[in-house]
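**Student:** Structure: model00.txt, compact mmCIF, C-alpha atoms.
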```txt
# COMPACT_ATOMS: atom_id res chain seq x y z
CA MET A 1 25.92 -4.17 13.44
CA SER A 2 22.50 -2.95 12.42
CA GLU A 3 23.20 0.42 10.86
CA ILE A 4 24.75 1.33 7.54
CA HIS A 5 28.02 3.26 7.72
CA GLN A 6 30.82 4.08 5.27
CA HIS A 7 33.43 1.86 6.93
CA GLN A 8 31.49 -1.36 6.37
CA ARG A 9 33.13 -3.91 4.09
CA VAL A 10 30.51 -5.14 1.62
CA GLY A 11 30.28 -8.21 -0.60
CA VAL A 12 27.57 -8.30 -3.28
CA PHE A 13 26.34 -11.64 -4.65
CA VAL A 14 23.95 -11.46 -7.61
CA ASP A 15 21.76 -14.33 -8.82
CA VAL A 16 21.64 -13.02 -12.40
CA GLN A 17 19.06 -15.53 -13.70
CA ASN A 18 16.68 -14.75 -10.85
CA MET A 19 16.97 -11.01 -11.50
CA TYR A 20 16.70 -11.43 -15.28
CA TYR A 21 13.48 -13.44 -15.15
CA SER A 22 11.93 -11.27 -12.43
CA ALA A 23 12.52 -8.06 -14.44
CA LYS A 24 11.33 -9.70 -17.65
CA ASN A 25 8.16 -11.18 -16.13
CA LEU A 26 7.20 -8.19 -13.96
CA TYR A 27 8.27 -5.26 -16.15
CA ASP A 28 9.16 -6.69 -19.58
CA ASP A 29 12.54 -5.04 -19.07
CA LYS A 30 16.12 -5.81 -18.08
CA VAL A 31 18.01 -5.07 -14.89
CA ASP A 32 20.64 -2.33 -15.04
CA PHE A 33 23.37 -4.17 -13.13
CA GLU A 34 25.48 -1.04 -12.72
CA LYS A 35 22.64 0.83 -11.00
CA LEU A 36 21.97 -2.27 -8.91
CA LEU A 37 25.59 -2.44 -7.75
CA ASP A 38 25.64 1.25 -6.82
CA ALA A 39 22.40 0.90 -4.85
CA SER A 40 23.62 -2.20 -3.01
CA VAL A 41 26.94 -0.70 -1.90
CA VAL A 42 25.53 2.70 -0.79
CA ASN A 43 28.88 4.51 -0.42
CA ARG A 44 30.40 1.69 1.63
CA LYS A 45 33.64 -0.17 0.92
CA LEU A 46 33.05 -2.75 -1.82
CA VAL A 47 35.28 -5.78 -1.24
CA ARG A 48 33.86 -8.00 -3.97
CA ALA A 49 30.91 -8.11 -6.33
CA SER A 50 30.11 -11.48 -7.87
CA ALA A 51 27.57 -12.13 -10.62
CA TYR A 52 26.49 -15.76 -11.09
CA VAL A 53 25.31 -16.66 -14.58
CA VAL A 54 24.21 -19.80 -16.38
CA LYS A 55 25.56 -20.15 -19.90
CA GLY A 56 22.73 -20.85 -22.30
CA ASP A 57 24.47 -20.39 -25.67
CA THR A 58 22.36 -17.38 -26.57
CA PRO A 59 23.57 -14.60 -28.88
CA GLY A 60 25.25 -11.72 -27.06
CA GLU A 61 25.89 -13.74 -23.93
CA GLU A 62 29.67 -13.20 -23.93
CA ASP A 63 29.19 -9.47 -24.52
CA PHE A 64 26.86 -9.36 -21.51
CA TYR A 65 29.47 -11.12 -19.35
CA GLU A 66 32.12 -8.63 -20.49
CA ALA A 67 29.80 -5.73 -19.69
CA LEU A 68 29.33 -7.13 -16.17
CA ARG A 69 33.12 -7.40 -15.78
CA GLY A 70 33.48 -3.81 -16.99
CA ILE A 71 31.11 -2.63 -14.25
CA GLY A 72 33.25 -4.39 -11.65
CA TYR A 73 31.66 -7.79 -11.18
CA GLU A 74 33.58 -11.03 -10.96
CA VAL A 75 31.52 -13.17 -13.33
CA LYS A 76 31.06 -16.83 -12.44
CA VAL A 77 29.73 -18.95 -15.29
CA LYS A 78 28.09 -22.36 -15.06
CA GLU A 79 27.11 -24.47 -18.04
CA LEU A 80 23.41 -25.28 -18.52
CA LYS A 81 22.93 -29.00 -17.97
CA GLU A 82 20.59 -30.93 -20.22
CA PHE A 83 19.24 -34.25 -18.99
CA ALA A 84 18.19 -37.31 -21.00
CA GLY A 85 14.49 -36.43 -20.85
CA GLY A 86 15.19 -32.96 -22.27
CA GLU A 87 14.94 -31.18 -18.90
CA LYS A 88 17.41 -28.35 -18.50
CA LYS A 89 18.84 -27.17 -15.22
CA GLY A 90 21.32 -24.55 -14.20
CA ASP A 91 21.48 -22.84 -10.87
CA TRP A 92 24.12 -21.45 -8.59
CA ASP A 93 22.47 -21.90 -5.18
CA LEU A 94 25.17 -24.12 -3.70
CA GLY A 95 28.08 -22.24 -5.31
CA MET A 96 26.75 -18.87 -4.14
CA THR A 97 26.19 -20.23 -0.63
CA VAL A 98 29.74 -21.58 -0.40
CA ASP A 99 31.20 -18.29 -1.70
CA MET A 100 29.21 -16.20 0.78
CA ILE A 101 30.20 -18.40 3.73
CA GLN A 102 33.87 -18.40 2.68
CA GLN A 103 33.99 -14.63 2.21
CA ALA A 104 31.92 -13.72 5.28
CA LYS A 105 35.04 -13.55 7.47
CA LYS A 106 36.29 -10.61 5.40
CA LEU A 107 32.94 -8.80 5.25
CA ASP A 108 30.74 -6.77 7.56
CA VAL A 109 27.78 -6.90 5.17
CA VAL A 110 26.63 -9.47 2.63
CA VAL A 111 24.23 -8.12 0.02
CA LEU A 112 22.40 -11.01 -1.60
CA VAL A 113 20.54 -10.08 -4.77
CA THR A 114 17.85 -12.71 -5.31
CA GLY A 115 14.29 -13.52 -4.39
CA ASP A 116 15.00 -17.23 -4.04
CA GLY A 117 13.77 -18.56 -0.70
CA ASP A 118 16.29 -21.42 -0.83
CA PHE A 119 18.88 -18.94 0.48
CA ALA A 120 17.04 -18.32 3.78
CA ALA A 121 19.09 -20.92 5.70
CA CYS A 122 22.33 -19.41 4.36
CA VAL A 123 21.18 -15.93 5.39
CA SER A 124 20.49 -17.18 8.92
CA HIS A 125 23.93 -18.81 9.08
CA LEU A 126 25.70 -15.64 7.89
CA LYS A 127 23.86 -13.60 10.51
CA SER A 128 24.94 -16.09 13.21
CA GLN A 129 28.53 -15.47 12.11
CA GLY A 130 28.17 -11.74 12.74
CA CYS A 131 27.44 -10.49 9.22
CA ARG A 132 24.66 -8.07 8.44
CA VAL A 133 22.70 -9.59 5.53
CA GLU A 134 20.78 -7.36 3.17
CA VAL A 135 18.63 -8.87 0.45
CA MET A 136 17.67 -6.95 -2.69
CA SER A 137 15.09 -8.17 -5.16
CA PHE A 138 11.72 -7.50 -6.70
CA GLY A 139 9.34 -8.10 -3.80
CA LYS A 140 6.52 -9.38 -6.00
CA SER A 141 8.69 -12.32 -7.09
CA SER A 142 10.49 -12.91 -3.79
CA ALA A 143 9.87 -15.71 -1.35
CA ARG A 144 8.57 -14.78 2.09
CA GLU A 145 11.39 -16.83 3.67
CA ILE A 146 14.17 -14.72 2.15
CA LYS A 147 12.44 -11.45 3.06
CA GLU A 148 12.01 -12.54 6.68
CA ALA A 149 15.52 -13.97 7.05
CA ALA A 150 17.32 -10.78 6.02
CA ASP A 151 18.40 -7.99 8.37
CA ASN A 152 17.05 -5.66 5.70
CA PHE A 153 14.98 -6.40 2.60
CA MET A 154 15.28 -3.82 -0.19
CA ASP A 155 12.21 -4.16 -2.40
CA MET A 156 13.19 -3.16 -5.92
CA ASP A 157 9.47 -2.97 -6.82
CA GLU A 158 9.22 0.23 -4.76
CA LYS A 159 11.36 2.14 -7.30
CA PRO A 160 11.73 -0.09 -10.37
CA LYS A 161 13.06 2.77 -12.53
CA LYS A 162 16.08 2.90 -10.28
CA TYR A 163 17.07 -0.65 -11.31
CA LEU A 164 15.79 -1.18 -14.86
CA VAL A 165 17.34 -0.33 -18.20
CA ASN A 166 14.34 1.12 -20.05
CA GLU A 167 12.06 2.40 -17.30
```
For this file, produce the structure as C-alpha cells.

**Tutor:**
Amino acid sequence: MSEIHQHQRVGVFVDVQNMYYSAKNLYDDKVDFEKLLDASVVNRKLVRASAYVVKGDTPGEEDFYEALRGIGYEVKVKELKEFAGGEKKGDWDLGMTVDMIQQAKKLDVVVLVTGDGDFAACVSHLKSQGCRVEVMSFGKSSAREIKEAADNFMDMDEKPKKYLVNE
C-alpha cells in the first residue's frame, strides 16, 4: 500500500518532547499540534492520535495537556525521573513502540512524528507487518536512520509556517 487514499485507517503517534525541542532550537517557536494532526491525516480516516509527554512540573503543563485533548489527542503522560546524581530522564521510546505495534493490526498507516533514529527498527517492523509508515519531523534535527526507514518522510522544515504557532 504505497499511495495515500481516503479509505486508509491512520494512527498518529507524536513524540511531543522531540517536536518541542526541535521547534524551539530551530525556529525559537512552538509546534501547532492541531495543524500537525491535520497535515498527518490528510483527509484519511483517523483511528487514533496519541501524544506522548513527559511531566516536568512546569507552569501551564496541565493546560497544554488539556489543549491537546481538545484537539483530539489521547495524551499519555510519563513522570520525569531524577536519578541520585541529579541526572533527569524521561522518554517514551519503548511505550510508543509497544503502542504502535499493538495498534498496527487496526491501521493501514502509522504516522510517527519524531526525528529520533531509535525508532528505525520499529518502523522496519511495522512495514514488515503490512503497515505504511510515514514519518513527520523537522529534517534538520532528524536522524538519517528514521528518514531512510520510513515509506515517506515529511520534512517539516520545507514549510515550517504550516506547523508552527508564530511563524

**Student:** Could you please determine the separation between CA of His7 in chain A and CA of Lys45 in chain A in Å, to one decimal place?

**Tutor:** 6.3 Å

**Student:** Between A:Val77, A:Val10, A:Met96, A:Ala49, single out the one closest to Glu61 in chain A, counting all atoms listed in the file.

**Tutor:**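 For Glu61 in chain A, the nearest of the candidates is A:Val77.
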
**Student:** What lies within 10 Å of Ala121 in chain A using only C-alpha atoms, ignoring chain neighbours under 6 positions off, as a list of chain:residue names?

**Tutor:** A:Thr97, A:Lys127, A:Glu145, A:Ile146, A:Ala149

**Student:** Which of these residues is nearest to Asp108 in chain A, using all atoms listed in the file: A:Leu94, A:Leu126, A:Ala150, A:Met156?

**Tutor:**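 Under the stated criterion, the closest residue is A:Leu126.
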
**Student:** Rounded to one decimal, what separation in Å do you get between CA of Val110 in chain A and CA of Cys131 in chain A?

**Tutor:**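 Separation between CA of Val110 in chain A and CA of Cys131 in chain A: 6.7 Å.
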
**Student:** Find, counting only C-alpha atoms, the residue in A:Gly70, A:Gly85, A:Pro59, A:Gly95 that gets nearest to Phe13 in chain A.

**Tutor:**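 Looking at the shortest contact to Phe13 in chain A, the residue is A:Gly95.
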
**Student:** Given all atoms listed in the file as the basis, pick out the residue of A:Val12, A:Val53, A:Tyr73, A:Ala67 nearest to Val133 in chain A.

**Tutor:**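 Between A:Val12, A:Val53, A:Tyr73, A:Ala67, the residue approaching Val133 in chain A most closely is A:Val12.
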
**Student:** Just checking: using all atoms listed in the file, which residue out of A:Leu26, A:Leu37, A:Ser128, A:Asn18 ends up closest to Tyr52 in chain A?

**Tutor:**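 Closest candidate: A:Asn18.
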
**Student:** Residues near Lys55 in chain A, anyone? I mean within 12 Å using only C-alpha atoms, not counting same-chain ones fewer than 3 positions away, as number ranges by chain.

**Tutor:** A: 16-17, 52, 58-62, 64-65, 75-82, 88-92

**Student:** For Gln6 in chain A, which residue out of A:Asp28, A:Leu46, A:Glu158, A:Lys35 is the nearest one, using all atoms listed in the file?

**Tutor:**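 Result for the nearest residue to Gln6 in chain A: A:Leu46.
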
**Student:** What is the CA of Ser40 in chain A to CA of Leu164 in chain A distance in Å?

**Tutor:**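 Computing it gives 14.2 Å between the two atoms.
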
**Student:** When you look at Ala143 in chain A with a cut-off of 9 Å (counting all atoms listed in the file), what residues show up, excluding the ones that are within fewer than 4 positions of it in the same chain? I need them as a PyMOL selection string.

**Tutor:** chain A and resi 115-118+139+147-148

**Student:** With only C-alpha atoms as the counted atoms, please give the residues lying no more than 10 Å from Ser137 in chain A, apart from itself and same-chain residues fewer than 3 positions off, as a PyMOL selection string.

**Tutor:** chain A and resi 14-15+18-19+22-23+36+112-116+140-143+146-147+153-157+163
